[in-house]
$ cat entry29.cif   # mmCIF, C-alpha atoms (C1' of nucleotides)
data_coords
loop_
_atom_site.group_PDB
_atom_site.id
_atom_site.type_symbol
_atom_site.label_atom_id
_atom_site.label_comp_id
_atom_site.auth_asym_id
_atom_site.auth_seq_id
_atom_site.Cartn_x
_atom_site.Cartn_y
_atom_site.Cartn_z
ATOM 1 C CA MET A 1 -6.863 2.451 8.955
ATOM 2 C CA PRO A 2 -5.012 1.231 5.911
ATOM 3 C CA ARG A 3 -2.839 3.382 3.805
ATOM 4 C CA ALA A 4 -4.383 6.173 1.775
ATOM 5 C CA ALA A 5 -5.736 4.796 -1.458
ATOM 6 C CA THR A 6 -3.319 4.473 -4.357
ATOM 7 C CA THR A 7 -5.871 6.314 -6.399
ATOM 8 C CA SER A 8 -5.481 9.545 -4.531
ATOM 9 C CA ASP A 9 -1.752 9.989 -4.197
ATOM 10 C CA VAL A 10 1.019 9.903 -6.755
ATOM 11 C CA PHE A 11 3.509 8.594 -4.227
ATOM 12 C CA ASN A 12 1.230 5.695 -3.636
ATOM 13 C CA ALA A 13 0.536 5.111 -7.287
ATOM 14 C CA ILE A 14 4.212 4.711 -8.099
ATOM 15 C CA ALA A 15 4.802 2.422 -5.156
ATOM 16 C CA GLU A 16 3.782 -0.476 -7.365
ATOM 17 C CA PRO A 17 6.701 -1.819 -9.401
ATOM 18 C CA ARG A 18 4.548 -2.755 -12.372
ATOM 19 C CA ARG A 19 3.112 0.695 -12.523
ATOM 20 C CA ARG A 20 6.592 2.134 -12.584
ATOM 21 C CA GLU A 21 7.356 -0.193 -15.465
ATOM 22 C CA ILE A 22 4.327 1.004 -17.330
ATOM 23 C CA ILE A 23 5.318 4.596 -16.728
ATOM 24 C CA GLN A 24 8.799 3.938 -17.959
ATOM 25 C CA PHE A 25 7.610 2.117 -21.016
ATOM 26 C CA LEU A 26 5.233 4.894 -21.957
ATOM 27 C CA ALA A 27 7.985 7.425 -21.458
ATOM 28 C CA GLN A 28 10.308 5.590 -23.799
ATOM 29 C CA SER A 29 7.883 4.530 -26.461
ATOM 30 C CA GLY A 30 5.333 7.296 -26.398
ATOM 31 C CA GLU A 31 1.606 6.737 -26.246
ATOM 32 C CA GLN A 32 0.491 3.163 -26.644
ATOM 33 C CA PRO A 33 -2.659 1.095 -26.795
ATOM 34 C CA VAL A 34 -3.317 -1.336 -23.979
ATOM 35 C CA GLY A 35 -2.503 -4.334 -26.104
ATOM 36 C CA THR A 36 1.029 -3.156 -26.654
ATOM 37 C CA LEU A 37 1.513 -2.777 -22.935
ATOM 38 C CA VAL A 38 0.114 -6.228 -22.335
ATOM 39 C CA HIS A 39 2.564 -7.635 -24.819
ATOM 40 C CA ALA A 40 5.534 -5.624 -23.618
ATOM 41 C CA MET A 41 5.015 -6.040 -19.887
ATOM 42 C CA ARG A 42 3.903 -9.640 -20.121
ATOM 43 C CA ILE A 43 1.125 -9.051 -17.654
ATOM 44 C CA PRO A 44 -2.441 -10.259 -18.197
ATOM 45 C CA GLN A 45 -4.655 -7.680 -19.829
ATOM 46 C CA PRO A 46 -6.996 -7.122 -16.881
ATOM 47 C CA ALA A 47 -4.029 -6.409 -14.663
ATOM 48 C CA VAL A 48 -2.721 -3.852 -17.101
ATOM 49 C CA SER A 49 -6.096 -2.189 -17.334
ATOM 50 C CA LYS A 50 -6.337 -2.005 -13.589
ATOM 51 C CA HIS A 51 -2.927 -0.439 -13.242
ATOM 52 C CA LEU A 52 -3.743 2.022 -15.982
ATOM 53 C CA ASN A 53 -6.892 2.886 -14.132
ATOM 54 C CA VAL A 54 -4.909 3.736 -11.024
ATOM 55 C CA LEU A 55 -2.472 5.802 -13.038
ATOM 56 C CA ARG A 56 -5.303 7.590 -14.725
ATOM 57 C CA ARG A 57 -6.949 8.532 -11.479
ATOM 58 C CA VAL A 58 -3.856 10.320 -10.295
ATOM 59 C CA ARG A 59 -3.567 11.790 -13.777
ATOM 60 C CA LEU A 60 -0.260 10.143 -14.484
ATOM 61 C CA VAL A 61 -1.704 8.939 -17.755
ATOM 62 C CA SER A 62 -4.544 10.021 -19.958
ATOM 63 C CA VAL A 63 -6.508 8.045 -22.489
ATOM 64 C CA SER A 64 -7.848 8.669 -25.920
ATOM 65 C CA ARG A 65 -9.904 6.347 -28.031
ATOM 66 C CA ARG A 66 -8.583 5.493 -31.390
ATOM 67 C CA GLY A 67 -10.700 3.083 -33.324
ATOM 68 C CA ARG A 68 -11.432 0.163 -31.103
ATOM 69 C CA SER A 69 -8.366 0.588 -29.002
ATOM 70 C CA ARG A 70 -7.537 3.024 -26.262
ATOM 71 C CA VAL A 71 -4.275 4.806 -26.370
ATOM 72 C CA TYR A 72 -2.600 5.700 -23.115
ATOM 73 C CA ARG A 73 -0.246 8.561 -22.803
ATOM 74 C CA LEU A 74 2.047 9.507 -19.974
ATOM 75 C CA ASN A 75 1.678 12.846 -18.214
ATOM 76 C CA PRO A 76 5.179 13.085 -16.856
ATOM 77 C CA GLN A 77 4.659 16.431 -15.206
ATOM 78 C CA GLU A 78 2.523 14.697 -12.612
ATOM 79 C CA LEU A 79 5.733 13.217 -11.286
ATOM 80 C CA LYS A 80 7.046 16.623 -10.424
ATOM 81 C CA PRO A 81 5.794 16.550 -6.829
ATOM 82 C CA VAL A 82 7.770 13.390 -6.250
ATOM 83 C CA HIS A 83 10.796 14.878 -7.871
ATOM 84 C CA ASP A 84 10.516 18.042 -5.833
ATOM 85 C CA TRP A 85 10.231 16.100 -2.629
ATOM 86 C CA VAL A 86 13.187 13.842 -3.221
ATOM 87 C CA LYS A 87 15.289 16.640 -4.584
ATOM 88 C CA ASN A 88 15.494 18.120 -1.108
ATOM 89 C CA PHE A 89 17.712 15.274 -0.115
ATOM 90 C CA GLU A 90 19.882 15.232 -3.169
ATOM 91 C CA ARG A 91 22.656 17.230 -1.559
ATOM 92 C CA TYR A 92 23.254 14.469 0.928
ATOM 93 C CA TRP A 93 24.662 12.150 -1.651
ATOM 94 C CA SER A 94 25.566 14.400 -4.512
ATOM 95 C CA THR A 95 29.056 15.390 -3.484
ATOM 96 C CA GLN A 96 31.928 13.094 -2.919
ATOM 97 C CA LEU A 97 32.841 15.004 0.214
ATOM 98 C CA LEU A 98 29.520 14.537 1.913
ATOM 99 C CA ARG A 99 29.528 10.926 0.959
ATOM 100 C CA ILE A 100 32.808 10.372 2.695
ATOM 101 C CA LYS A 101 31.638 12.246 5.723
ATOM 102 C CA ALA A 102 28.473 10.199 5.943
ATOM 103 C CA ARG A 103 30.482 7.024 5.591
ATOM 104 C CA ALA A 104 32.797 7.963 8.427
ATOM 105 C CA GLU A 105 29.959 8.878 10.713
ATOM 106 C CA GLU A 106 28.205 5.673 10.014
ATOM 107 C CA LYS A 107 31.248 3.614 10.842
ATOM 108 C CA ALA A 108 31.687 5.493 14.080
ATOM 109 C CA ARG A 109 28.125 4.796 14.992
ATOM 110 C CA GLU A 110 28.426 1.156 14.171
ATOM 111 C CA GLN A 111 31.214 0.811 16.685
ATOM 112 C CA LYS A 112 29.397 2.528 19.489
ATOM 113 C CA THR A 113 26.026 0.933 19.127
ATOM 114 C CA THR A 114 24.597 -2.359 18.137
ATOM 115 C CA GLN A 115 22.338 -2.110 15.171
ATOM 116 C CA PRO A 116 19.258 -4.256 15.756
ATOM 117 C CA PRO A 117 19.678 -7.277 13.523
ATOM 118 C CA GLU A 118 17.986 -6.940 10.195
ATOM 119 C CA GLU A 119 14.746 -8.870 10.280
ATOM 120 C CA LYS A 120 14.473 -11.699 7.821
ATOM 121 C CA GLN A 121 12.380 -10.751 4.863
ATOM 122 C CA MET B 122 -1.747 -10.646 -4.064
ATOM 123 C CA PRO B 123 -1.426 -7.363 -2.192
ATOM 124 C CA ARG B 124 1.264 -4.892 -2.848
ATOM 125 C CA ALA B 125 4.855 -5.768 -1.995
ATOM 126 C CA ALA B 126 5.489 -5.106 1.669
ATOM 127 C CA THR B 127 6.429 -1.595 2.659
ATOM 128 C CA THR B 128 9.301 -3.098 4.509
ATOM 129 C CA SER B 129 11.083 -4.260 1.415
ATOM 130 C CA ASP B 130 10.916 -1.326 -0.923
ATOM 131 C CA VAL B 131 11.826 2.308 -0.477
ATOM 132 C CA PHE B 132 9.160 3.447 -2.906
ATOM 133 C CA ASN B 133 6.630 1.741 -0.758
ATOM 134 C CA ALA B 134 8.045 3.029 2.480
ATOM 135 C CA ILE B 135 7.735 6.637 1.369
ATOM 136 C CA ALA B 136 4.223 6.133 0.087
ATOM 137 C CA GLU B 137 2.956 6.865 3.594
ATOM 138 C CA PRO B 138 2.560 10.606 4.204
ATOM 139 C CA ARG B 139 3.470 10.370 7.870
ATOM 140 C CA ARG B 140 6.659 8.604 7.033
ATOM 141 C CA ARG B 141 7.556 11.319 4.599
ATOM 142 C CA GLU B 142 6.937 13.798 7.387
ATOM 143 C CA ILE B 143 9.222 11.900 9.673
ATOM 144 C CA ILE B 144 11.887 11.800 7.007
ATOM 145 C CA GLN B 145 11.591 15.484 6.431
ATOM 146 C CA PHE B 146 11.707 16.302 10.081
ATOM 147 C CA LEU B 147 14.802 14.215 10.616
ATOM 148 C CA ALA B 148 16.423 15.858 7.636
ATOM 149 C CA GLN B 149 15.804 19.313 9.009
ATOM 150 C CA SER B 150 16.513 18.729 12.635
ATOM 151 C CA GLY B 151 19.111 16.010 12.551
ATOM 152 C CA GLU B 152 18.933 12.863 14.620
ATOM 153 C CA GLN B 153 16.193 12.765 17.210
ATOM 154 C CA PRO B 154 14.821 10.543 19.926
ATOM 155 C CA VAL B 155 11.382 9.053 19.431
ATOM 156 C CA GLY B 156 9.805 11.336 21.987
ATOM 157 C CA THR B 157 10.737 14.382 20.006
ATOM 158 C CA LEU B 158 9.129 12.930 16.933
ATOM 159 C CA VAL B 159 6.024 12.075 18.882
ATOM 160 C CA HIS B 160 5.813 15.633 20.068
ATOM 161 C CA ALA B 161 6.614 17.221 16.737
ATOM 162 C CA MET B 162 4.413 15.042 14.556
ATOM 163 C CA ARG B 163 1.552 14.852 17.037
ATOM 164 C CA ILE B 164 1.124 11.186 16.398
ATOM 165 C CA PRO B 165 0.727 8.622 19.183
ATOM 166 C CA GLN B 166 3.979 7.060 20.220
ATOM 167 C CA PRO B 167 3.205 3.519 19.047
ATOM 168 C CA ALA B 168 2.394 4.841 15.616
ATOM 169 C CA VAL B 169 5.687 6.671 15.445
ATOM 170 C CA SER B 170 7.575 3.590 16.535
ATOM 171 C CA LYS B 171 5.867 1.529 13.896
ATOM 172 C CA HIS B 172 6.695 3.980 11.160
ATOM 173 C CA LEU B 173 10.255 4.163 12.335
ATOM 174 C CA ASN B 174 10.392 0.422 12.196
ATOM 175 C CA VAL B 175 9.330 0.459 8.570
ATOM 176 C CA LEU B 176 11.863 3.128 7.755
ATOM 177 C CA ARG B 177 14.551 1.191 9.534
ATOM 178 C CA ARG B 178 13.876 -1.960 7.587
ATOM 179 C CA VAL B 179 14.468 -0.216 4.315
ATOM 180 C CA ARG B 180 17.470 1.460 5.923
ATOM 181 C CA LEU B 181 16.071 4.935 5.569
ATOM 182 C CA VAL B 182 16.865 5.493 9.211
ATOM 183 C CA SER B 183 19.210 3.938 11.701
ATOM 184 C CA VAL B 184 19.037 3.856 15.460
ATOM 185 C CA SER B 185 21.450 4.287 18.266
ATOM 186 C CA ARG B 186 20.769 4.011 21.952
ATOM 187 C CA ARG B 187 21.553 6.972 24.063
ATOM 188 C CA GLY B 188 20.660 6.608 27.681
ATOM 189 C CA ARG B 189 17.160 5.406 27.922
ATOM 190 C CA SER B 190 16.136 6.874 24.642
ATOM 191 C CA ARG B 191 16.732 5.759 21.104
ATOM 192 C CA VAL B 192 17.978 8.267 18.647
ATOM 193 C CA TYR B 193 16.909 7.948 15.052
ATOM 194 C CA ARG B 194 18.946 9.275 12.240
ATOM 195 C CA LEU B 195 18.087 9.685 8.590
ATOM 196 C CA ASN B 196 20.091 7.909 5.922
ATOM 197 C CA PRO B 197 19.226 10.194 3.053
ATOM 198 C CA GLN B 198 21.306 8.340 0.519
ATOM 199 C CA GLU B 199 18.743 5.563 0.589
ATOM 200 C CA LEU B 200 16.457 7.932 -1.263
ATOM 201 C CA LYS B 201 18.804 8.017 -4.196
ATOM 202 C CA PRO B 202 17.053 5.213 -6.092
ATOM 203 C CA VAL B 203 13.849 7.198 -5.964
ATOM 204 C CA HIS B 204 15.612 10.313 -7.078
ATOM 205 C CA ASP B 205 17.318 8.506 -9.909
ATOM 206 C CA TRP B 206 14.069 7.052 -11.108
ATOM 207 C CA VAL B 207 12.111 10.289 -11.093
ATOM 208 C CA LYS B 208 14.961 12.237 -12.562
ATOM 209 C CA ASN B 209 14.454 10.453 -15.855
ATOM 210 C CA PHE B 210 11.279 12.381 -16.299
ATOM 211 C CA GLU B 211 12.565 15.734 -15.219
ATOM 212 C CA ARG B 212 13.179 16.939 -18.745
ATOM 213 C CA TYR B 213 9.490 16.740 -19.503
ATOM 214 C CA TRP B 214 8.631 19.616 -17.277
ATOM 215 C CA SER B 215 11.924 21.406 -16.826
ATOM 216 C CA THR B 216 11.870 23.619 -19.868
ATOM 217 C CA GLN B 217 9.304 26.182 -20.742
ATOM 218 C CA LEU B 218 9.382 25.056 -24.333
ATOM 219 C CA LEU B 219 8.453 21.495 -23.621
ATOM 220 C CA ARG B 220 5.743 22.638 -21.304
ATOM 221 C CA ILE B 221 4.155 24.663 -24.036
ATOM 222 C CA LYS B 222 4.426 21.802 -26.444
ATOM 223 C CA ALA B 223 2.790 19.418 -24.002
ATOM 224 C CA ARG B 224 0.009 21.885 -23.386
ATOM 225 C CA ALA B 225 -0.698 22.243 -27.072
ATOM 226 C CA GLU B 226 -0.772 18.528 -27.636
ATOM 227 C CA GLU B 227 -3.088 18.024 -24.749
ATOM 228 C CA LYS B 228 -5.529 20.560 -26.043
ATOM 229 C CA ALA B 229 -5.467 18.964 -29.448
ATOM 230 C CA ARG B 230 -6.248 15.631 -27.893
ATOM 231 C CA GLU B 231 -9.043 17.029 -25.815
ATOM 232 C CA GLN B 232 -10.774 18.197 -28.940
ATOM 233 C CA LYS B 233 -10.531 14.886 -30.691
ATOM 234 C CA THR B 234 -11.479 12.605 -27.854
ATOM 235 C CA THR B 235 -13.645 12.548 -24.811
ATOM 236 C CA GLN B 236 -11.716 12.124 -21.629
ATOM 237 C CA PRO B 237 -13.531 9.707 -19.283
ATOM 238 C CA PRO B 238 -14.943 11.813 -16.451
ATOM 239 C CA GLU B 239 -12.746 11.938 -13.414
ATOM 240 C CA GLU B 240 -14.101 9.619 -10.748
ATOM 241 C CA LYS B 241 -15.218 11.226 -7.545
ATOM 242 C CA GLN B 242 -12.849 10.697 -4.676
ATOM 243 C "C1'" DT C 243 15.129 -3.182 44.529
ATOM 244 C "C1'" DT C 244 11.475 -0.377 43.198
ATOM 245 C "C1'" DG C 245 9.543 2.854 40.342
ATOM 246 C "C1'" DA C 246 9.315 5.819 36.589
ATOM 247 C "C1'" DA C 247 10.563 7.082 31.836
ATOM 248 C "C1'" DA C 248 11.153 5.918 27.030
ATOM 249 C "C1'" DT C 249 10.228 3.001 23.555
ATOM 250 C "C1'" DA C 250 8.792 -1.344 21.322
ATOM 251 C "C1'" DT C 251 5.539 -4.969 20.577
ATOM 252 C "C1'" DT C 252 1.230 -7.379 20.384
ATOM 253 C "C1'" DC C 253 -3.555 -7.909 19.432
ATOM 254 C "C1'" DC C 254 -7.575 -6.561 17.115
ATOM 255 C "C1'" DC C 255 -9.911 -4.452 13.320
ATOM 256 C "C1'" DA C 256 -11.709 -2.021 9.139
ATOM 257 C "C1'" DT C 257 -10.079 -1.380 4.843
ATOM 258 C "C1'" DA C 258 -7.092 -1.298 0.617
ATOM 259 C "C1'" DT C 259 -4.394 -4.133 -2.404
ATOM 260 C "C1'" DG C 260 -3.412 -6.815 -6.631
ATOM 261 C "C1'" DG C 261 -3.992 -11.092 -8.896
ATOM 262 C "C1'" DG C 262 -7.016 -14.641 -11.390
ATOM 263 C "C1'" DA C 263 -11.061 -15.853 -13.712
ATOM 264 C "C1'" DA C 264 -15.074 -14.739 -15.810
ATOM 265 C "C1'" DT C 265 -17.807 -11.503 -17.922
ATOM 266 C "C1'" DA C 266 -19.334 -7.035 -19.726
ATOM 267 C "C1'" DT C 267 -18.777 -3.229 -22.921
ATOM 268 C "C1'" DA C 268 -17.482 -0.753 -27.065
ATOM 269 C "C1'" DC C 269 -16.390 -0.529 -31.510
ATOM 270 C "C1'" DT C 270 -15.492 -2.590 -36.312
ATOM 271 C "C1'" DT C 271 -15.871 -5.445 -39.922
ATOM 272 C "C1'" DT C 272 -18.507 -8.556 -42.659
ATOM 273 C "C1'" DA D 273 -27.372 -8.261 -37.414
ATOM 274 C "C1'" DA D 274 -23.533 -11.179 -36.195
ATOM 275 C "C1'" DA D 275 -19.052 -12.116 -35.084
ATOM 276 C "C1'" DG D 276 -14.633 -10.574 -33.743
ATOM 277 C "C1'" DT D 277 -11.292 -7.368 -31.454
ATOM 278 C "C1'" DA D 278 -9.791 -4.540 -27.788
ATOM 279 C "C1'" DT D 279 -10.433 -3.171 -23.339
ATOM 280 C "C1'" DA D 280 -12.843 -2.522 -18.937
ATOM 281 C "C1'" DT D 281 -15.228 -4.294 -14.993
ATOM 282 C "C1'" DT D 282 -16.761 -7.437 -11.508
ATOM 283 C "C1'" DC D 283 -16.242 -10.979 -8.147
ATOM 284 C "C1'" DC D 284 -13.529 -13.539 -5.112
ATOM 285 C "C1'" DC D 285 -9.543 -14.089 -2.282
ATOM 286 C "C1'" DA D 286 -5.153 -14.067 0.436
ATOM 287 C "C1'" DT D 287 -2.582 -10.713 2.378
ATOM 288 C "C1'" DA D 288 -0.665 -6.147 3.846
ATOM 289 C "C1'" DT D 289 -1.813 -1.833 5.984
ATOM 290 C "C1'" DG D 290 -2.082 1.558 9.793
ATOM 291 C "C1'" DG D 291 -4.534 2.962 13.768
ATOM 292 C "C1'" DG D 292 -6.005 2.217 18.790
ATOM 293 C "C1'" DA D 293 -5.464 0.111 23.089
ATOM 294 C "C1'" DA D 294 -3.039 -2.505 26.091
ATOM 295 C "C1'" DT D 295 1.117 -4.412 27.463
ATOM 296 C "C1'" DA D 296 6.023 -5.652 27.353
ATOM 297 C "C1'" DT D 297 10.820 -4.292 27.466
ATOM 298 C "C1'" DT D 298 14.737 -1.587 28.499
ATOM 299 C "C1'" DT D 299 17.139 1.619 31.129
ATOM 300 C "C1'" DC D 300 17.966 4.927 34.510
ATOM 301 C "C1'" DA D 301 17.141 7.031 39.180
ATOM 302 C "C1'" DA D 302 16.158 6.993 44.067
#

$ encode --input "entry29.cif" --output "structure tokens"
Amino acid sequence: MPRAATTSDVFNAIAEPRRREIIQFLAQSGEQPVGTLVHAMRIPQPAVSKHLNVLRRVRLVSVSRRGRSRVYRLNPQELKPVHDWVKNFERYWSTQLLRIKARAEEKAREQKTTQPPEEKQ
Amino acid sequence: MPRAATTSDVFNAIAEPRRREIIQFLAQSGEQPVGTLVHAMRIPQPAVSKHLNVLRRVRLVSVSRRGRSRVYRLNPQELKPVHDWVKNFERYWSTQLLRIKARAEEKAREQKTTQPPEEKQ
DNA sequence: TTGAAATATTCCCATATGGGAATATACTTT
DNA sequence: AAAGTATATTCCCATATGGGAATATTTCAA
């Protein structure tokens, strides 16, 4: 079975770099018609529309028609689940002390064991 | 072209729910041999190994041999890029005030425009 | 050495992915 | 109505995905 569809899970939806770009752009510039995104992202229009469709399905964006164009708007609160999940791990890198500790432990481990060589690509 | 390989991007690696479970379990329980994960997650062993392999490639976990078992350990700091990215949007939902504002705007939009019906599934 | 335990790898498969190209749709202006 | 603008959708395709089953590998124990 392949991975759960991007259209059903926010984590999956933001796994695509271009979609993260779109999200970021909308966050910075506010709601925008598709054409603006096409121009800004330098991605072909159908690709943009497809990505927007994915984002819409997980409610990360919503659309409204305005004249002949469709204006997309970010719903940032839909990112909260991601934020909440990652936040659990924040403490591991947030303090200088823990960082040093982690560093030391890692070095110790590197001496004892052989890390399997990093696969190419 | 399909999505960038899970093995090259942390965002992609954590898009898989089971891998998030593994990450969470390792965070809570500390380093663990594969067998423990198999038992805890109730996933067949090959599946666990494959997920661990993905996580290892993006450095989210590292391995060390201990006797005949391999102990996997979380490298939580590798989640920092995700945290940093999502954190940019935190302000949108963090304050009550902004939440109210967003709500109001949304309602206003809903009256002006017709939201395309949410696809099934 | 032989066997068992622990884990990794390989092979096969149904399905999702995202891009490109072409086309359809919706709305506006003339 | 006709033409143009803006966007969505469809079709095709190469490739990645994750699961299942079987097998290989590594390591320890008798």

$ closest_atom_pairs --input "entry29.cif" --of "chain A" --to "chain C" --cutoff "12 Å" --atoms "only C-alpha atoms (C1' of nucleotides)" --output "CSV"
residue,atom,partner,partner_atom,distance
A:Met1,CA,C:DT257,C1',6.5
A:Pro2,CA,C:DT257,C1',5.8
A:Arg3,CA,C:DA258,C1',7.1
A:Ala4,CA,C:DA258,C1',8.0
A:Ala5,CA,C:DA258,C1',6.6
A:Thr6,CA,C:DA258,C1',8.5
A:Thr7,CA,C:DA258,C1',10.4
A:Asn12,CA,C:DT259,C1',11.4
A:Ala13,CA,C:DT259,C1',11.6
A:Ala15,CA,C:DT259,C1',11.6
A:Glu16,CA,C:DG260,C1',9.6
A:Pro17,CA,C:DG260,C1',11.6
A:Arg18,CA,C:DG260,C1',10.6
A:Arg19,CA,C:DG260,C1',11.6
A:Ile43,CA,C:DG261,C1',10.3
A:Pro44,CA,C:DG262,C1',9.3
A:Gln45,CA,C:DG262,C1',11.2
A:Pro46,CA,C:DG262,C1',9.3
A:Ala47,CA,C:DG261,C1',7.4
A:Val48,CA,C:DG260,C1',10.9
A:Ser49,CA,C:DG260,C1',12.0
A:Lys50,CA,C:DG260,C1',9.0
A:His51,CA,C:DG260,C1',9.2
A:Val54,CA,C:DG260,C1',11.5
A:Arg65,CA,C:DC269,C1',10.1
A:Arg66,CA,C:DC269,C1',9.9
A:Gly67,CA,C:DC269,C1',7.0
A:Arg68,CA,C:DC269,C1',5.0
A:Ser69,CA,C:DC269,C1',8.5
A:Arg70,CA,C:DA268,C1',10.7

$ closest_residue --input "entry29.cif" --among "A:Ser64, A:Ala40, A:Phe25, A:Gln32" --to "chain B" --atoms "all atoms listed in the file"
A:Ser64

$ closest_residue --input "entry29.cif" --among "A:Leu52, A:Ile22, A:Val58, A:Val10" --to "chain D" --atoms "only C-alpha atoms (C1' of nucleotides)"
A:Leu52

$ interface_residues --input "entry29.cif" --of "chain D" --to "chain B" --cutoff "7 Å" --atoms "only C-alpha atoms (C1' of nucleotides)" --output "PyMOL selection string"
chain D and resi 286-288+299-300

$ write_last_selection --input "entry29.cif" --atoms "C-alpha atoms (C1' of nucleotides)" --output "compact mmCIF listing (two decimals), in the frame of the given file"
# COMPACT_ATOMS: atom_id res chain seq x y z
C1' DA D 286 -5.15 -14.07 0.44
C1' DT D 287 -2.58 -10.71 2.38
C1' DA D 288 -0.66 -6.15 3.85
C1' DT D 299 17.14 1.62 31.13
C1' DC D 300 17.97 4.93 34.51

$ atom_distance --input "entry29.cif" --atom1 "atom CA of A:Glu90" --atom2 "atom CA of B:Lys201"
7.4 Å

$ atom_distance --input "entry29.cif" --atom1 "atom CA of B:Val203" --atom2 "atom CA of B:Phe132"
6.7 Å

$ atom_distance --input "entry29.cif" --atom1 "atom CA of A:Glu21" --atom2 "atom CA of A:Pro76"
13.5 Å

$ resolve_selection --input "entry29.cif" --expression "the PyMOL selection byres ((chain A and resi 27) around 9)" --output "ChimeraX atom specification"
/A:22-26,28-31,73-76 /B:210
